[in-house]
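Reproduced below: final02.pdb, with PDB, C-alpha atoms.
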ATOM      1  CA  MET A   1       6.380  25.366  11.753  1.00  0.00           C
ATOM      2  CA  SER A   2       9.723  24.534  13.280  1.00  0.00           C
ATOM      3  CA  GLY A   3      12.804  25.351  11.245  1.00  0.00           C
ATOM      4  CA  ALA A   4      14.749  22.442  12.737  1.00  0.00           C
ATOM      5  CA  VAL A   5      16.296  20.146  10.182  1.00  0.00           C
ATOM      6  CA  VAL A   6      14.954  16.612  10.614  1.00  0.00           C
ATOM      7  CA  LYS A   7      17.539  14.661   8.641  1.00  0.00           C
ATOM      8  CA  ASP A   8      20.309  12.316   9.563  1.00  0.00           C
ATOM      9  CA  ALA A   9      23.963  13.077   9.006  1.00  0.00           C
ATOM     10  CA  PHE A  10      23.761  11.792   5.442  1.00  0.00           C
ATOM     11  CA  GLY A  11      20.896  14.024   4.350  1.00  0.00           C
ATOM     12  CA  LEU A  12      18.211  11.333   4.191  1.00  0.00           C
ATOM     13  CA  PRO A  13      14.663  12.267   5.209  1.00  0.00           C
ATOM     14  CA  GLN A  14      12.655  11.155   8.198  1.00  0.00           C
ATOM     15  CA  SER A  15       9.433  12.333   6.543  1.00  0.00           C
ATOM     16  CA  LEU A  16       8.407  12.514   2.921  1.00  0.00           C
ATOM     17  CA  LEU A  17       5.502  13.317   0.654  1.00  0.00           C
ATOM     18  CA  VAL A  18       5.037  11.580  -2.695  1.00  0.00           C
ATOM     19  CA  LEU A  19       3.027  13.443  -5.332  1.00  0.00           C
ATOM     20  CA  GLY A  20       1.950  10.556  -7.518  1.00  0.00           C
ATOM     21  CA  GLY A  21       1.600   7.947  -4.818  1.00  0.00           C
ATOM     22  CA  THR A  22       1.313   4.910  -7.101  1.00  0.00           C
ATOM     23  CA  SER A  23       4.406   5.675  -9.208  1.00  0.00           C
ATOM     24  CA  GLU A  24       6.664   2.617  -9.407  1.00  0.00           C
ATOM     25  CA  ILE A  25       9.794   4.753  -9.257  1.00  0.00           C
ATOM     26  CA  ALA A  26       8.440   6.693  -6.288  1.00  0.00           C
ATOM     27  CA  LEU A  27       7.458   3.562  -4.375  1.00  0.00           C
ATOM     28  CA  ALA A  28      10.838   1.935  -5.024  1.00  0.00           C
ATOM     29  CA  THR A  29      12.430   5.104  -3.674  1.00  0.00           C
ATOM     30  CA  VAL A  30      10.211   5.141  -0.591  1.00  0.00           C
ATOM     31  CA  ARG A  31      10.969   1.490   0.158  1.00  0.00           C
ATOM     32  CA  ARG A  32      14.673   2.236  -0.043  1.00  0.00           C
ATOM     33  CA  LEU A  33      14.403   5.282   2.209  1.00  0.00           C
ATOM     34  CA  VAL A  34      12.204   3.506   4.746  1.00  0.00           C
ATOM     35  CA  ALA A  35      14.911   0.849   5.002  1.00  0.00           C
ATOM     36  CA  ARG A  36      17.403   3.622   5.798  1.00  0.00           C
ATOM     37  CA  ARG A  37      15.751   6.358   7.832  1.00  0.00           C
ATOM     38  CA  THR A  38      12.260   7.432   6.752  1.00  0.00           C
ATOM     39  CA  ARG A  39       9.438   6.856   9.216  1.00  0.00           C
ATOM     40  CA  THR A  40       6.584   9.114   8.061  1.00  0.00           C
ATOM     41  CA  VAL A  41       5.209   8.812   4.517  1.00  0.00           C
ATOM     42  CA  TRP A  42       2.381  10.647   2.786  1.00  0.00           C
ATOM     43  CA  LEU A  43       1.132   9.231  -0.519  1.00  0.00           C
ATOM     44  CA  ALA A  44      -0.779  11.799  -2.565  1.00  0.00           C
ATOM     45  CA  GLY A  45      -2.868  10.626  -5.491  1.00  0.00           C
ATOM     46  CA  ARG A  46      -6.314   9.900  -6.763  1.00  0.00           C
ATOM     47  CA  PRO A  47      -8.150   7.665  -4.272  1.00  0.00           C
ATOM     48  CA  SER A  48      -7.949   4.113  -5.610  1.00  0.00           C
ATOM     49  CA  PRO A  49      -7.322   0.508  -4.558  1.00  0.00           C
ATOM     50  CA  ALA A  50      -3.792   0.887  -5.942  1.00  0.00           C
ATOM     51  CA  LEU A  51      -3.077   3.841  -3.647  1.00  0.00           C
ATOM     52  CA  ASP A  52      -4.456   1.950  -0.653  1.00  0.00           C
ATOM     53  CA  ALA A  53      -2.401  -1.122  -1.549  1.00  0.00           C
ATOM     54  CA  ALA A  54       0.787   0.958  -1.826  1.00  0.00           C
ATOM     55  CA  ALA A  55       0.114   2.455   1.604  1.00  0.00           C
ATOM     56  CA  GLY A  56      -0.475  -1.003   3.073  1.00  0.00           C
ATOM     57  CA  GLN A  57       2.777  -2.368   1.677  1.00  0.00           C
ATOM     58  CA  LEU A  58       4.766   0.497   3.167  1.00  0.00           C
ATOM     59  CA  ARG A  59       3.084   0.063   6.540  1.00  0.00           C
ATOM     60  CA  GLY A  60       4.253  -3.516   6.401  1.00  0.00           C
ATOM     61  CA  LEU A  61       7.820  -2.184   6.229  1.00  0.00           C
ATOM     62  CA  GLY A  62       7.337  -0.261   9.450  1.00  0.00           C
ATOM     63  CA  ALA A  63       6.485   3.208   8.149  1.00  0.00           C
ATOM     64  CA  GLU A  64       3.653   5.398   9.356  1.00  0.00           C
ATOM     65  CA  VAL A  65       1.738   5.985   6.129  1.00  0.00           C
ATOM     66  CA  ARG A  66      -1.135   8.309   5.327  1.00  0.00           C
ATOM     67  CA  THR A  67      -2.833   9.086   2.027  1.00  0.00           C
ATOM     68  CA  VAL A  68      -4.221  12.356   0.739  1.00  0.00           C
ATOM     69  CA  ALA A  69      -6.424  12.990  -2.297  1.00  0.00           C
ATOM     70  CA  PHE A  70      -4.456  14.762  -5.022  1.00  0.00           C
ATOM     71  CA  ASP A  71      -5.085  15.238  -8.734  1.00  0.00           C
ATOM     72  CA  ALA A  72      -2.435  16.730 -11.020  1.00  0.00           C
ATOM     73  CA  LEU A  73      -5.224  17.963 -13.310  1.00  0.00           C
ATOM     74  CA  ASP A  74      -6.845  19.958 -10.494  1.00  0.00           C
ATOM     75  CA  PRO A  75      -4.374  22.784  -9.768  1.00  0.00           C
ATOM     76  CA  GLU A  76      -7.039  24.668  -7.833  1.00  0.00           C
ATOM     77  CA  GLY A  77      -7.018  21.848  -5.283  1.00  0.00           C
ATOM     78  CA  HIS A  78      -3.243  21.663  -4.825  1.00  0.00           C
ATOM     79  CA  GLU A  79      -3.062  24.290  -2.075  1.00  0.00           C
ATOM     80  CA  ALA A  80      -5.601  22.433   0.048  1.00  0.00           C
ATOM     81  CA  ALA A  81      -4.125  18.979  -0.546  1.00  0.00           C
ATOM     82  CA  LEU A  82      -0.542  19.916   0.249  1.00  0.00           C
ATOM     83  CA  GLY A  83      -1.596  22.287   2.991  1.00  0.00           C
ATOM     84  CA  LYS A  84      -3.250  19.386   4.789  1.00  0.00           C
ATOM     85  CA  VAL A  85       0.038  17.485   4.776  1.00  0.00           C
ATOM     86  CA  PHE A  86       2.298  20.312   5.904  1.00  0.00           C
ATOM     87  CA  ALA A  87      -0.172  21.281   8.629  1.00  0.00           C
ATOM     88  CA  GLU A  88       0.613  17.943  10.293  1.00  0.00           C
ATOM     89  CA  GLY A  89       4.339  18.656  10.620  1.00  0.00           C
ATOM     90  CA  ASP A  90       7.545  19.289   8.717  1.00  0.00           C
ATOM     91  CA  ILE A  91       8.226  17.342   5.526  1.00  0.00           C
ATOM     92  CA  ASP A  92      11.874  16.648   4.740  1.00  0.00           C
ATOM     93  CA  LEU A  93      11.366  15.488   1.167  1.00  0.00           C
ATOM     94  CA  VAL A  94       8.732  16.059  -1.514  1.00  0.00           C
ATOM     95  CA  LEU A  95       9.011  13.650  -4.431  1.00  0.00           C
ATOM     96  CA  LEU A  96       7.183  14.926  -7.511  1.00  0.00           C
ATOM     97  CA  ALA A  97       6.611  11.691  -9.385  1.00  0.00           C
ATOM     98  CA  PHE A  98       3.361  11.914 -11.330  1.00  0.00           C
ATOM     99  CA  GLY A  99       3.185  11.873 -15.107  1.00  0.00           C
ATOM    100  CA  ILE A 100       1.693  10.105 -18.104  1.00  0.00           C
ATOM    101  CA  LEU A 101       3.321   8.861 -21.288  1.00  0.00           C
ATOM    102  CA  GLY A 102       0.360   9.140 -23.619  1.00  0.00           C
ATOM    103  CA  ASP A 103       0.136   7.508 -27.038  1.00  0.00           C
ATOM    104  CA  GLN A 104       2.039   9.632 -29.542  1.00  0.00           C
ATOM    105  CA  ALA A 105       0.383   8.359 -32.731  1.00  0.00           C
ATOM    106  CA  HIS A 106      -3.108   8.567 -31.245  1.00  0.00           C
ATOM    107  CA  ASP A 107      -2.525  11.884 -29.491  1.00  0.00           C
ATOM    108  CA  GLU A 108      -1.355  13.564 -32.686  1.00  0.00           C
ATOM    109  CA  ARG A 109      -4.809  12.855 -34.137  1.00  0.00           C
ATOM    110  CA  GLU A 110      -6.616  13.786 -30.923  1.00  0.00           C
ATOM    111  CA  PRO A 111      -5.196  17.119 -29.730  1.00  0.00           C
ATOM    112  CA  LEU A 112      -7.200  17.064 -26.489  1.00  0.00           C
ATOM    113  CA  ASN A 113      -5.325  13.919 -25.495  1.00  0.00           C
ATOM    114  CA  ALA A 114      -2.046  15.695 -26.189  1.00  0.00           C
ATOM    115  CA  VAL A 115      -3.224  18.594 -24.035  1.00  0.00           C
ATOM    116  CA  ARG A 116      -3.934  16.164 -21.200  1.00  0.00           C
ATOM    117  CA  VAL A 117      -0.333  14.922 -21.367  1.00  0.00           C
ATOM    118  CA  ALA A 118       0.951  18.498 -21.261  1.00  0.00           C
ATOM    119  CA  GLN A 119      -1.387  19.527 -18.449  1.00  0.00           C
ATOM    120  CA  THR A 120      -0.469  16.525 -16.325  1.00  0.00           C
ATOM    121  CA  ASN A 121       3.280  16.484 -16.875  1.00  0.00           C
ATOM    122  CA  TYR A 122       3.914  20.220 -17.011  1.00  0.00           C
ATOM    123  CA  THR A 123       1.051  22.437 -15.866  1.00  0.00           C
ATOM    124  CA  GLY A 124       0.148  20.207 -12.927  1.00  0.00           C
ATOM    125  CA  ALA A 125       3.804  19.935 -11.954  1.00  0.00           C
ATOM    126  CA  VAL A 126       4.308  23.704 -12.080  1.00  0.00           C
ATOM    127  CA  SER A 127       1.369  24.195  -9.728  1.00  0.00           C
ATOM    128  CA  ALA A 128       2.289  21.411  -7.309  1.00  0.00           C
ATOM    129  CA  GLY A 129       5.983  22.270  -7.452  1.00  0.00           C
ATOM    130  CA  LEU A 130       5.419  25.891  -6.517  1.00  0.00           C
ATOM    131  CA  VAL A 131       3.027  25.008  -3.705  1.00  0.00           C
ATOM    132  CA  ALA A 132       5.463  22.436  -2.317  1.00  0.00           C
ATOM    133  CA  ALA A 133       8.442  24.785  -2.659  1.00  0.00           C
ATOM    134  CA  ARG A 134       6.661  27.537  -0.760  1.00  0.00           C
ATOM    135  CA  SER A 135       5.799  25.145   2.059  1.00  0.00           C
ATOM    136  CA  LEU A 136       9.351  23.822   2.246  1.00  0.00           C
ATOM    137  CA  GLN A 137      10.718  27.359   2.277  1.00  0.00           C
ATOM    138  CA  ALA A 138       8.318  28.353   5.058  1.00  0.00           C
ATOM    139  CA  GLN A 139       9.633  25.564   7.280  1.00  0.00           C
ATOM    140  CA  GLY A 140      13.212  26.490   6.395  1.00  0.00           C
ATOM    141  CA  HIS A 141      14.485  23.178   5.063  1.00  0.00           C
ATOM    142  CA  GLY A 142      13.745  20.219   2.830  1.00  0.00           C
ATOM    143  CA  SER A 143      14.318  18.762  -0.611  1.00  0.00           C
ATOM    144  CA  LEU A 144      12.121  18.722  -3.699  1.00  0.00           C
ATOM    145  CA  VAL A 145      12.991  15.856  -6.038  1.00  0.00           C
ATOM    146  CA  VAL A 146      11.479  16.144  -9.522  1.00  0.00           C
ATOM    147  CA  LEU A 147      11.273  13.132 -11.832  1.00  0.00           C
ATOM    148  CA  SER A 148      12.090  14.431 -15.290  1.00  0.00           C
ATOM    149  CA  SER A 149      13.250  12.306 -18.241  1.00  0.00           C
ATOM    150  CA  VAL A 150      15.968  12.152 -20.872  1.00  0.00           C
ATOM    151  CA  ALA A 151      13.062  12.458 -23.321  1.00  0.00           C
ATOM    152  CA  GLY A 152      13.083  16.161 -22.525  1.00  0.00           C
ATOM    153  CA  GLU A 153      16.647  16.632 -23.735  1.00  0.00           C
ATOM    154  CA  ARG A 154      15.742  16.727 -27.435  1.00  0.00           C
ATOM    155  CA  ALA A 155      12.444  16.306 -29.260  1.00  0.00           C
ATOM    156  CA  ARG A 156      12.148  12.915 -30.951  1.00  0.00           C
ATOM    157  CA  ARG A 157       9.630  12.082 -33.659  1.00  0.00           C
ATOM    158  CA  ALA A 158       8.451   9.048 -31.707  1.00  0.00           C
ATOM    159  CA  ASN A 159       7.449  10.930 -28.534  1.00  0.00           C
ATOM    160  CA  PHE A 160       7.740  14.683 -28.969  1.00  0.00           C
ATOM    161  CA  ILE A 161       4.479  15.366 -27.113  1.00  0.00           C
ATOM    162  CA  TYR A 162       5.670  13.592 -23.969  1.00  0.00           C
ATOM    163  CA  GLY A 163       9.226  14.849 -24.501  1.00  0.00           C
ATOM    164  CA  SER A 164       8.145  18.471 -24.811  1.00  0.00           C
ATOM    165  CA  SER A 165       6.179  18.240 -21.568  1.00  0.00           C
ATOM    166  CA  LYS A 166       9.219  16.831 -19.781  1.00  0.00           C
ATOM    167  CA  ALA A 167      11.444  19.500 -21.327  1.00  0.00           C
ATOM    168  CA  GLY A 168       9.185  22.145 -19.854  1.00  0.00           C
ATOM    169  CA  LEU A 169       9.172  20.407 -16.472  1.00  0.00           C
ATOM    170  CA  ASP A 170      12.955  20.056 -16.472  1.00  0.00           C
ATOM    171  CA  THR A 171      13.519  23.730 -17.276  1.00  0.00           C
ATOM    172  CA  PHE A 172      10.982  24.772 -14.644  1.00  0.00           C
ATOM    173  CA  ALA A 173      12.638  22.611 -11.972  1.00  0.00           C
ATOM    174  CA  GLN A 174      16.098  23.946 -12.782  1.00  0.00           C
ATOM    175  CA  GLY A 175      14.843  27.511 -12.524  1.00  0.00           C
ATOM    176  CA  LEU A 176      13.026  26.760  -9.286  1.00  0.00           C
ATOM    177  CA  GLY A 177      16.237  25.327  -7.870  1.00  0.00           C
ATOM    178  CA  ASP A 178      18.053  28.544  -8.734  1.00  0.00           C
ATOM    179  CA  ALA A 179      15.282  30.623  -7.184  1.00  0.00           C
ATOM    180  CA  LEU A 180      15.480  28.627  -3.941  1.00  0.00           C
ATOM    181  CA  HIS A 181      19.262  28.600  -3.685  1.00  0.00           C
ATOM    182  CA  GLY A 182      20.312  29.835  -0.268  1.00  0.00           C
ATOM    183  CA  THR A 183      16.881  29.348   1.322  1.00  0.00           C
ATOM    184  CA  GLY A 184      17.609  25.940   2.839  1.00  0.00           C
ATOM    185  CA  VAL A 185      15.509  24.164   0.194  1.00  0.00           C
ATOM    186  CA  HIS A 186      17.279  21.798  -2.175  1.00  0.00           C
ATOM    187  CA  VAL A 187      15.859  20.954  -5.627  1.00  0.00           C
ATOM    188  CA  MET A 188      17.106  17.863  -7.448  1.00  0.00           C
ATOM    189  CA  VAL A 189      16.150  16.964 -11.021  1.00  0.00           C
ATOM    190  CA  VAL A 190      16.254  13.252 -11.887  1.00  0.00           C
ATOM    191  CA  ARG A 191      16.587  12.265 -15.544  1.00  0.00           C
ATOM    192  CA  PRO A 192      16.036   8.543 -16.070  1.00  0.00           C
ATOM    193  CA  GLY A 193      16.261   6.902 -19.448  1.00  0.00           C
ATOM    194  CA  PHE A 194      13.906   4.111 -20.485  1.00  0.00           C
ATOM    195  CA  VAL A 195      12.543   2.576 -17.268  1.00  0.00           C
ATOM    196  CA  ARG A 196      11.124  -0.942 -17.287  1.00  0.00           C
ATOM    197  CA  SER A 197       7.738  -0.365 -15.662  1.00  0.00           C
ATOM    198  CA  ARG A 198       3.997  -0.607 -16.196  1.00  0.00           C
ATOM    199  CA  MET A 199       4.120   2.630 -18.184  1.00  0.00           C
ATOM    200  CA  THR A 200       6.549   1.194 -20.748  1.00  0.00           C
ATOM    201  CA  GLU A 201       5.209  -2.367 -20.800  1.00  0.00           C
ATOM    202  CA  GLY A 202       4.998  -3.679 -24.365  1.00  0.00           C
ATOM    203  CA  MET A 203       7.304  -0.997 -25.762  1.00  0.00           C
ATOM    204  CA  ALA A 204      10.582  -1.751 -27.511  1.00  0.00           C
ATOM    205  CA  GLU A 205      13.331  -1.334 -24.947  1.00  0.00           C
ATOM    206  CA  ALA A 206      15.775   1.510 -25.527  1.00  0.00           C
ATOM    207  CA  PRO A 207      19.545   1.210 -24.990  1.00  0.00           C
ATOM    208  CA  LEU A 208      20.730   1.779 -21.404  1.00  0.00           C
ATOM    209  CA  ALA A 209      17.318   0.790 -20.044  1.00  0.00           C
ATOM    210  CA  THR A 210      17.002   0.895 -16.281  1.00  0.00           C
ATOM    211  CA  THR A 211      14.643  -0.134 -13.476  1.00  0.00           C
ATOM    212  CA  PRO A 212      12.648   1.672 -10.765  1.00  0.00           C
ATOM    213  CA  GLU A 213      15.033   0.212  -8.180  1.00  0.00           C
ATOM    214  CA  ALA A 214      18.075   1.599  -9.995  1.00  0.00           C
ATOM    215  CA  VAL A 215      16.454   5.038 -10.137  1.00  0.00           C
ATOM    216  CA  ALA A 216      15.696   4.781  -6.412  1.00  0.00           C
ATOM    217  CA  THR A 217      19.350   3.987  -5.707  1.00  0.00           C
ATOM    218  CA  ALA A 218      20.441   7.009  -7.732  1.00  0.00           C
ATOM    219  CA  ILE A 219      17.963   9.241  -5.899  1.00  0.00           C
ATOM    220  CA  GLU A 220      19.306   8.132  -2.525  1.00  0.00           C
ATOM    221  CA  LEU A 221      22.876   8.835  -3.619  1.00  0.00           C
ATOM    222  CA  GLY A 222      21.830  12.212  -5.014  1.00  0.00           C
ATOM    223  CA  LEU A 223      20.194  13.153  -1.715  1.00  0.00           C
ATOM    224  CA  ARG A 224      23.314  12.189   0.213  1.00  0.00           C
ATOM    225  CA  ARG A 225      25.439  14.316  -2.120  1.00  0.00           C
ATOM    226  CA  ARG A 226      22.862  17.120  -2.409  1.00  0.00           C
ATOM    227  CA  SER A 227      23.131  16.803  -6.179  1.00  0.00           C
ATOM    228  CA  GLU A 228      21.183  19.145  -8.414  1.00  0.00           C
ATOM    229  CA  THR A 229      20.932  16.806 -11.414  1.00  0.00           C
ATOM    230  CA  VAL A 230      20.952  13.011 -11.468  1.00  0.00           C
ATOM    231  CA  TRP A 231      21.128  10.893 -14.649  1.00  0.00           C
ATOM    232  CA  VAL A 232      20.046   7.248 -14.561  1.00  0.00           C
ATOM    233  CA  PRO A 233      22.117   5.464 -15.665  1.00  0.00           C
ATOM    234  CA  GLY A 234      24.997   7.919 -15.363  1.00  0.00           C
ATOM    235  CA  ALA A 235      26.289   7.113 -18.868  1.00  0.00           C
ATOM    236  CA  LEU A 236      23.263   8.915 -20.326  1.00  0.00           C
ATOM    237  CA  ARG A 237      24.835  12.227 -19.401  1.00  0.00           C
ATOM    238  CA  VAL A 238      27.534  11.714 -22.054  1.00  0.00           C
ATOM    239  CA  VAL A 239      25.178  10.119 -24.576  1.00  0.00           C
ATOM    240  CA  MET A 240      22.638  12.935 -24.393  1.00  0.00           C
ATOM    241  CA  SER A 241      25.342  15.572 -24.615  1.00  0.00           C
ATOM    242  CA  ALA A 242      26.296  14.099 -27.979  1.00  0.00           C
ATOM    243  CA  VAL A 243      22.659  13.758 -29.079  1.00  0.00           C
ATOM    244  CA  ARG A 244      21.917  17.404 -28.237  1.00  0.00           C
ATOM    245  CA  HIS A 245      24.696  18.571 -30.546  1.00  0.00           C
ATOM    246  CA  LEU A 246      23.886  16.421 -33.560  1.00  0.00           C
ATOM    247  CA  PRO A 247      22.941  18.481 -36.624  1.00  0.00           C
ATOM    248  CA  ARG A 248      19.190  18.343 -37.132  1.00  0.00           C
ATOM    249  CA  ALA A 249      19.511  16.807 -40.586  1.00  0.00           C
ATOM    250  CA  VAL A 250      21.515  13.950 -39.085  1.00  0.00           C
ATOM    251  CA  PHE A 251      19.234  13.560 -36.085  1.00  0.00           C
ATOM    252  CA  ARG A 252      16.184  13.210 -38.333  1.00  0.00           C
ATOM    253  CA  ARG A 253      17.690  10.152 -39.991  1.00  0.00           C
ATOM    254  CA  LEU A 254      18.216   8.305 -36.729  1.00  0.00           C
ATOM    255  CA  PRO A 255      15.699   5.528 -35.864  1.00  0.00           C
ATOM    256  CA  VAL A 256      14.306   7.418 -32.863  1.00  0.00           C
TER
END
Target encoding structure tokens, full file:
Amino acid sequence: MSGAVVKDAFGLPQSLLVLGGTSEIALATVRRLVARRTRTVWLAGRPSPALDAAAGQLRGLGAEVRTVAFDALDPEGHEAALGKVFAEGDIDLVLLAFGILGDQAHDEREPLNAVRVAQTNYTGAVSAGLVAARSLQAQGHGSLVVLSSVAGERARRANFIYGSSKAGLDTFAQGLGDALHGTGVHVMVVRPGFVRSRMTEGMAEAPLATTPEAVATAIELGLRRRSETVWVPGALRVVMSAVRHLPRAVFRRLPV
């Protein structure tokens, strides 16, 4: 593949691949980037009416959109799925956006459900992330944006299964970014707080709640700046720094 960089002067992509093609955050990000610069979009996910509808909406915005079958729980199929995309041409941005929240109370009683959360959010992401990183490195340029979560900053009683999977993902992505430093591939970790979306519908809203559109705005700014870590909203950086350093005995008494 060509090593030519296919980005504008502000670092925004002309082509992108979304792993988790029905993610609300991912689609808000794609809409924003299509309005700026992006022309070629691949949506990777399980074949479904929702995936087809997402592709149709983006075509309506003027993008050339294609879908590819991808399952986070099928690591053995990741090479073939991503290989199909990269065989068609360079990809400027890979957005790793898949994940599941699970049901903490239920999953504690049903360990196989907890394993599914871990396999989707962490194991699947490790596989897909490494495959994507290798392809980006082979072409000599590109960004890998990984949707993490503030839930991974410290285990909370209310969601430690989900939080632990995001903690693993976050650490993996940071290490991958270090490993790729100097190769032309940029890794950016995005840590949103509570996002108002289908995944959190019906849940009590946490302080500093945000929206998919706000996360998309932060991702665009992070790409322009070539940031390595993006907090959404930015105030969470200070809040979570304090939370991380709370004595455990104190933290256990908090209503979290």
Q) So what does the PyMOL selection byres ((chain A and resi 50) around 12) actually pick up in this one, as a ChimeraX atom specification? A) /A:20-24,27,43-49,51-57,67
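Once the PyMOL selection byres ((chain A and resi 156-171) around 6) is applied to this file, the selection holds Leu101, Gln104, Ala118, Asn121, Tyr122, Ser148, Ala151, Gly152, Ala155, Phe172, Ala173 and Gln174 of chain A.
Shortest atom-to-atom contact with Gly77 (chain A) among A:Glu228, A:Arg248, A:Gly193, A:Ala128: A:Ala128, counting all atoms listed in the file.
Here the question is which of A:Ala80, A:Val238, A:Val115, A:Val65 gets nearest to Asp103 (chain A) using only C-alpha atoms, and that residue is A:Val115.
As for CA of Arg198 (chain A) and CA of Thr229 (chain A), they are spaced 24.8 Å apart.
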Q.
Which residues are near Pro233 (chain A)? Cut-off 9 Å, only C-alpha atoms, ignore same chain within fewer than 5 positions. Put them as a ChimeraX atom specification.
A. /A:191-193,208-210,214-215,218
